[in-house]
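**Student:** For reference, the file target_15.tsv (TSV, C-alpha atoms) is included below:
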```tsv
chain	number	residue	atom	x	y	z
D	17	MET	CA	0.00	0.00	0.00
D	18	THR	CA	1.33	3.44	-0.97
D	19	THR	CA	1.13	6.05	1.77
D	20	THR	CA	0.91	9.65	0.61
D	21	LEU	CA	1.02	12.92	2.54
D	22	ILE	CA	-0.58	15.95	0.89
D	23	THR	CA	-0.13	19.37	2.47
D	24	GLY	CA	-2.97	21.87	2.20
D	25	ALA	CA	-5.32	18.99	1.44
D	26	ASN	CA	-8.58	20.33	2.83
D	27	ARG	CA	-9.74	22.37	-0.17
D	28	SER	CA	-9.39	23.12	-3.88
D	29	LEU	CA	-6.44	21.44	-5.62
D	30	GLY	CA	-5.26	19.64	-2.49
D	31	LEU	CA	-8.67	18.16	-1.84
D	32	GLU	CA	-9.06	16.99	-5.43
D	33	THR	CA	-5.56	15.51	-5.39
D	34	ALA	CA	-6.50	13.58	-2.26
D	35	ARG	CA	-9.70	12.32	-3.87
D	36	ARG	CA	-7.93	11.11	-6.98
D	37	LEU	CA	-5.03	9.43	-5.19
D	38	ILE	CA	-7.41	7.65	-2.81
D	39	GLU	CA	-9.29	6.49	-5.89
D	40	ALA	CA	-5.97	5.24	-7.28
D	41	GLY	CA	-5.44	3.13	-4.16
D	42	HIS	CA	-3.20	5.36	-2.06
D	43	THR	CA	-3.55	5.69	1.69
D	44	VAL	CA	-3.74	9.47	2.03
D	45	ILE	CA	-2.73	11.57	5.00
D	46	ALA	CA	-4.08	15.10	4.74
D	47	GLY	CA	-1.84	17.74	6.28
D	48	VAL	CA	-3.98	20.73	7.26
D	49	ARG	CA	-3.46	23.80	9.42
D	50	ASP	CA	-6.87	23.44	11.08
D	51	PRO	CA	-8.12	19.87	11.58
D	52	ASP	CA	-11.55	21.27	12.45
D	53	ASP	CA	-11.78	22.46	8.84
D	54	ALA	CA	-11.07	19.10	7.26
D	55	ASP	CA	-14.44	17.35	7.07
D	56	ALA	CA	-14.37	17.28	3.27
D	57	VAL	CA	-11.09	15.38	3.04
D	58	ARG	CA	-12.03	13.09	5.93
D	59	SER	CA	-15.20	12.16	4.07
D	60	LEU	CA	-13.04	10.89	1.22
D	61	GLY	CA	-11.33	8.43	3.54
D	62	ALA	CA	-8.13	10.35	4.30
D	63	SER	CA	-6.66	10.57	7.76
D	64	VAL	CA	-5.92	14.08	8.98
D	65	VAL	CA	-2.86	15.48	10.71
D	66	GLN	CA	-2.35	19.04	11.91
D	67	LEU	CA	0.47	20.52	9.83
D	68	ASP	CA	1.35	24.17	9.33
D	69	VAL	CA	4.23	24.40	6.85
D	70	THR	CA	5.38	27.69	8.39
D	71	ASP	CA	5.74	26.19	11.89
D	72	GLN	CA	8.63	23.82	12.56
D	73	ALA	CA	7.07	22.46	15.76
D	74	SER	CA	3.87	21.64	13.86
D	75	VAL	CA	5.82	19.87	11.12
D	76	ASP	CA	7.89	17.90	13.62
D	77	ALA	CA	4.79	16.81	15.53
D	78	ALA	CA	3.06	15.76	12.33
D	79	PHE	CA	5.93	13.55	11.20
D	80	ALA	CA	6.29	12.04	14.66
D	81	SER	CA	2.79	10.64	14.12
D	82	ILE	CA	3.42	9.20	10.64
D	83	PRO	CA	4.92	5.69	10.65
D	84	ALA	CA	5.68	5.36	6.94
D	85	LEU	CA	5.63	7.48	3.80
D	86	ASP	CA	6.11	6.80	0.09
D	87	VAL	CA	4.83	9.94	-1.62
D	88	LEU	CA	4.99	13.57	-0.50
D	89	VAL	CA	2.87	16.16	-2.31
D	90	ASN	CA	3.88	19.68	-1.29
D	91	ASN	CA	0.67	21.44	-2.26
D	92	ALA	CA	0.19	24.05	0.48
D	93	GLY	CA	0.81	27.65	-0.50
D	94	ILE	CA	-0.46	31.20	-0.38
D	95	SER	CA	-0.92	33.97	-2.93
D	96	GLY	CA	0.04	36.67	-0.45
D	97	THR	CA	-1.14	40.23	-0.01
D	98	SER	CA	0.91	42.02	-2.68
D	99	TYR	CA	-0.48	42.29	-6.19
D	100	GLY	CA	1.88	44.83	-7.74
D	101	VAL	CA	4.83	47.13	-7.11
D	102	ASP	CA	2.93	49.84	-5.21
D	103	ASP	CA	1.74	47.52	-2.46
D	104	LEU	CA	4.93	45.44	-2.31
D	105	THR	CA	6.87	45.36	0.96
D	106	ALA	CA	9.72	43.23	2.21
D	107	GLU	CA	7.34	41.77	4.78
D	108	ALA	CA	4.85	40.74	2.08
D	109	MET	CA	7.65	39.08	0.13
D	110	THR	CA	8.96	37.26	3.19
D	111	ALA	CA	5.54	35.89	4.10
D	112	VAL	CA	5.02	34.32	0.67
D	113	LEU	CA	8.53	32.88	0.49
D	114	GLU	CA	8.14	31.45	4.01
D	115	ALA	CA	4.97	29.56	3.08
D	116	ASN	CA	5.67	28.64	-0.52
D	117	VAL	CA	9.41	27.94	-0.53
D	118	THR	CA	10.77	27.54	2.99
D	119	GLY	CA	7.62	25.59	3.85
D	120	ILE	CA	8.42	23.02	1.17
D	121	VAL	CA	11.98	22.70	2.43
D	122	ARG	CA	10.78	22.40	6.04
D	123	VAL	CA	8.33	19.60	5.18
D	124	THR	CA	10.60	17.79	2.75
D	125	GLN	CA	13.53	17.71	5.15
D	126	ALA	CA	11.30	16.33	7.87
D	127	ALA	CA	9.97	13.70	5.45
D	128	LEU	CA	13.36	12.48	4.22
D	129	PRO	CA	13.93	9.75	6.84
D	130	LEU	CA	10.56	8.18	6.06
D	131	LEU	CA	10.95	8.57	2.30
D	132	ARG	CA	14.43	7.05	2.38
D	133	ALA	CA	12.89	3.96	3.99
D	134	SER	CA	10.43	3.62	1.10
D	135	GLU	CA	11.13	1.29	-1.82
D	136	HIS	CA	9.93	3.96	-4.22
D	137	PRO	CA	10.06	7.50	-2.79
D	138	VAL	CA	8.29	10.23	-4.73
D	139	VAL	CA	8.07	13.98	-4.13
D	140	VAL	CA	5.78	16.31	-6.08
D	141	ASN	CA	6.01	20.05	-5.55
D	142	VAL	CA	3.09	22.14	-6.78
D	143	ALA	CA	4.36	25.29	-8.47
D	144	SER	CA	2.73	27.39	-11.20
D	145	GLY	CA	3.32	28.62	-14.70
D	146	VAL	CA	3.45	32.04	-13.04
D	147	GLY	CA	6.93	31.00	-11.89
D	148	TRP	CA	8.05	30.25	-15.45
D	149	PRO	CA	9.76	33.30	-17.08
D	150	ARG	CA	8.86	32.24	-20.62
D	151	PHE	CA	5.16	32.15	-19.75
D	152	LEU	CA	5.31	35.41	-17.78
D	153	SER	CA	6.96	37.25	-20.66
D	154	THR	CA	4.99	35.84	-23.60
D	155	PRO	CA	1.75	37.61	-24.60
D	156	GLY	CA	-1.11	35.16	-24.99
D	157	HIS	CA	-0.13	32.95	-22.07
D	158	ASP	CA	-2.50	32.94	-19.09
D	159	GLU	CA	0.43	34.00	-16.92
D	160	PHE	CA	1.45	37.07	-18.92
D	161	PRO	CA	-0.99	39.58	-17.35
D	162	VAL	CA	-0.20	38.52	-13.76
D	163	PRO	CA	1.58	41.41	-11.92
D	164	MET	CA	2.22	39.60	-8.60
D	165	ILE	CA	5.90	39.68	-7.65
D	166	PRO	CA	6.12	37.56	-4.46
D	167	TYR	CA	3.94	34.73	-5.76
D	168	ALA	CA	5.77	34.53	-9.11
D	169	ALA	CA	9.18	34.63	-7.43
D	170	SER	CA	8.18	31.93	-4.96
D	171	LYS	CA	6.97	29.58	-7.65
D	172	ALA	CA	10.13	30.15	-9.71
D	173	ALA	CA	12.08	29.15	-6.60
D	174	VAL	CA	9.96	26.01	-6.20
D	175	ILE	CA	10.85	24.94	-9.74
D	176	ALA	CA	14.56	25.49	-9.09
D	177	LEU	CA	14.59	23.75	-5.73
D	178	THR	CA	12.82	20.76	-7.29
D	179	VAL	CA	15.60	20.35	-9.85
D	180	GLN	CA	18.22	20.58	-7.09
D	181	TYR	CA	16.44	18.07	-4.84
D	182	ALA	CA	16.22	15.68	-7.79
D	183	LYS	CA	19.96	15.92	-8.38
D	184	ASN	CA	20.68	15.39	-4.68
D	185	LEU	CA	18.30	12.44	-4.37
D	186	PRO	CA	18.93	10.27	-7.44
D	187	THR	CA	16.99	7.28	-6.08
D	188	PHE	CA	13.88	9.45	-5.63
D	189	ARG	CA	11.48	10.73	-8.26
D	190	VAL	CA	11.23	14.48	-7.53
D	191	ASN	CA	9.15	16.60	-9.90
D	192	VAL	CA	7.17	19.83	-10.00
D	193	SER	CA	3.70	20.47	-11.39
D	194	ASP	CA	1.92	23.42	-12.95
D	195	PRO	CA	-1.83	23.20	-12.28
D	196	GLY	CA	-2.58	25.85	-14.92
D	197	TYR	CA	-5.27	28.50	-14.68
D	198	THR	CA	-7.75	26.55	-12.59
D	199	ALA	CA	-10.96	27.76	-10.96
D	200	THR	CA	-10.12	27.84	-7.23
D	201	ASP	CA	-10.48	30.12	-4.22
D	202	PHE	CA	-7.05	31.53	-5.15
D	203	ASN	CA	-8.46	33.37	-8.17
D	204	GLY	CA	-12.09	33.79	-7.21
D	205	HIS	CA	-12.92	30.76	-9.39
D	206	SER	CA	-12.05	32.72	-12.53
D	207	GLY	CA	-9.83	30.02	-14.02
D	208	HIS	CA	-10.93	28.19	-17.16
D	209	GLN	CA	-9.89	24.72	-15.94
D	210	THR	CA	-11.71	22.47	-13.51
D	211	VAL	CA	-9.97	21.29	-10.35
D	212	THR	CA	-9.73	17.85	-11.94
D	213	GLU	CA	-7.87	19.29	-14.92
D	214	GLY	CA	-5.79	21.37	-12.53
D	215	THR	CA	-4.63	18.25	-10.67
D	216	ASP	CA	-3.84	16.16	-13.73
D	217	ALA	CA	-0.09	16.88	-13.62
D	218	THR	CA	0.22	16.54	-9.85
D	219	VAL	CA	-1.61	13.21	-9.81
D	220	ALA	CA	0.35	11.85	-12.77
D	221	LEU	CA	3.65	12.77	-11.11
D	222	ALA	CA	2.53	11.24	-7.80
D	223	LEU	CA	1.91	7.98	-9.65
D	224	VAL	CA	5.23	7.75	-11.54
D	225	GLY	CA	7.10	4.48	-11.42
D	226	PRO	CA	10.72	3.96	-10.36
D	227	ASP	CA	11.85	4.57	-13.93
D	228	GLY	CA	9.71	7.69	-14.31
D	229	PRO	CA	10.94	11.22	-14.82
D	230	THR	CA	12.73	13.22	-12.16
D	231	GLY	CA	13.74	16.87	-11.96
D	232	GLU	CA	11.06	17.82	-14.50
D	233	PHE	CA	8.33	20.47	-14.67
D	234	HIS	CA	5.00	19.18	-15.99
D	235	ASN	CA	1.55	20.52	-16.75
D	236	ARG	CA	-1.46	18.44	-17.71
D	237	HIS	CA	-0.11	18.05	-21.25
D	238	GLY	CA	3.26	16.69	-20.18
D	239	ARG	CA	6.76	18.05	-19.70
D	240	ILE	CA	7.29	21.80	-19.98
D	241	ASP	CA	10.52	22.27	-21.87
D	242	TYR	CA	13.14	24.54	-20.41
```
Would you write the structure of this file as structure tokens?
**Tutor:**
Amino acid sequence: MTTTLITGANRSLGLETARRLIEAGHTVIAGVRDPDDADAVRSLGASVVQLDVTDQASVDAAFASIPALDVLVNNAGISGTSYGVDDLTAEAMTAVLEANVTGIVRVTQAALPLLRASEHPVVVNVASGVGWPRFLSTPGHDEFPVPMIPYAASKAAVIALTVQYAKNLPTFRVNVSDPGYTATDFNGHSGHQTVTEGTDATVALALVGPDGPTGEFHNRHGRIDY
């Protein structure tokens, strides 16, 4: 049985990822900041653990309660409070990087002992095309009009750290997904994709075999070329 931890699993993309991986036969542990707000993921059959990616004590306590782990999906993240240059502060930048980048490192480092004990360890980091310079700078892409600096910078960092983790952990499969412009609470449900479409890449990467890709950035259509 494959045991999978998904952070931020109580709503939107995290919740749909949990649903689909449970359907695929995984035993899913839902990491959530507030276990009282996790009825939806519990109803799918997931177990719930309190896990705030910005709090080391919370992360340590969560992993102390997990006996085994095969797949880690780093899904939790925030958009932040800055949407352009005029409202950008160092504090706003720090808050987004802490949740979206340092949070992934904090959780992944805590997960390494359990993942190293797995016969087939897999890590999937959820990033965004908003972190991809080619998409941000090319008119016609969904990402081009997005002015947010902290969120874009954080997701670019997630893509880079994924590549570096993959190089450092050659026996793991470590990849990064782009959900695409998906209708979620993040964007007021303005996206043109469903949450199922938005989780296609994450789910596919969570299900890769031992000979599957590593160090790659994928959307629902496959690998995004560098």
**Student:** Out of D:Asp194, D:Val101, D:Ala143, D:Val224, which residue has the shortest atom-to-atom distance to Arg239 in chain D when counting all atoms listed in the file?
**Tutor:** D:Asp194
**Student:** To one decimal in Å, tell me the separation between CA of Leu31 in chain D and CA of Ser144 in chain D.
**Tutor:**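 These two atoms are separated by 17.4 Å.
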**Student:** Which residues come within 8 Å of range 126-135 of chain D, counting only C-alpha atoms, excluding same-chain residues fewer than 6 positions away, as JSON, numbers by chain?
**Tutor:** {"D": [75, 76, 79, 83, 84, 85, 86, 87, 88]}
**Student:** Identify, on the basis of all atoms listed in the file, every residue whose closest approach to Ile240 in chain D does not exceed 10 Å; exclude the query and any residue fewer than 6 positions from it along the same chain; express the result as an NGL selection string.
**Tutor:** :D and (145 or 148 or 193-194 or 232-234)
**Student:** Ranking D:Pro166, D:Gly24, D:Gly238, D:Gly156 by minimum distance to Ala92 in chain D and counting all atoms listed in the file, which one comes first?
**Tutor:**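 Smallest distance to Ala92 in chain D is found for D:Gly24.
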**Student:** My list of candidates is D:Ser153, D:Thr70, D:Thr212, D:Asn26. Which is closest to Asp53 in chain D when distances are computed with only C-alpha atoms?
**Tutor:**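 Once distances to Asp53 in chain D are computed over only C-alpha atoms, the minimum belongs to D:Asn26.
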**Student:** Using all atoms listed in the file, which of the listed residues (D:Asn184, D:Thr118, D:Asn141, D:Thr20) sits closest to Arg35 in chain D?
**Tutor:**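 Answer, going by the shortest atom-to-atom distance: D:Thr20.
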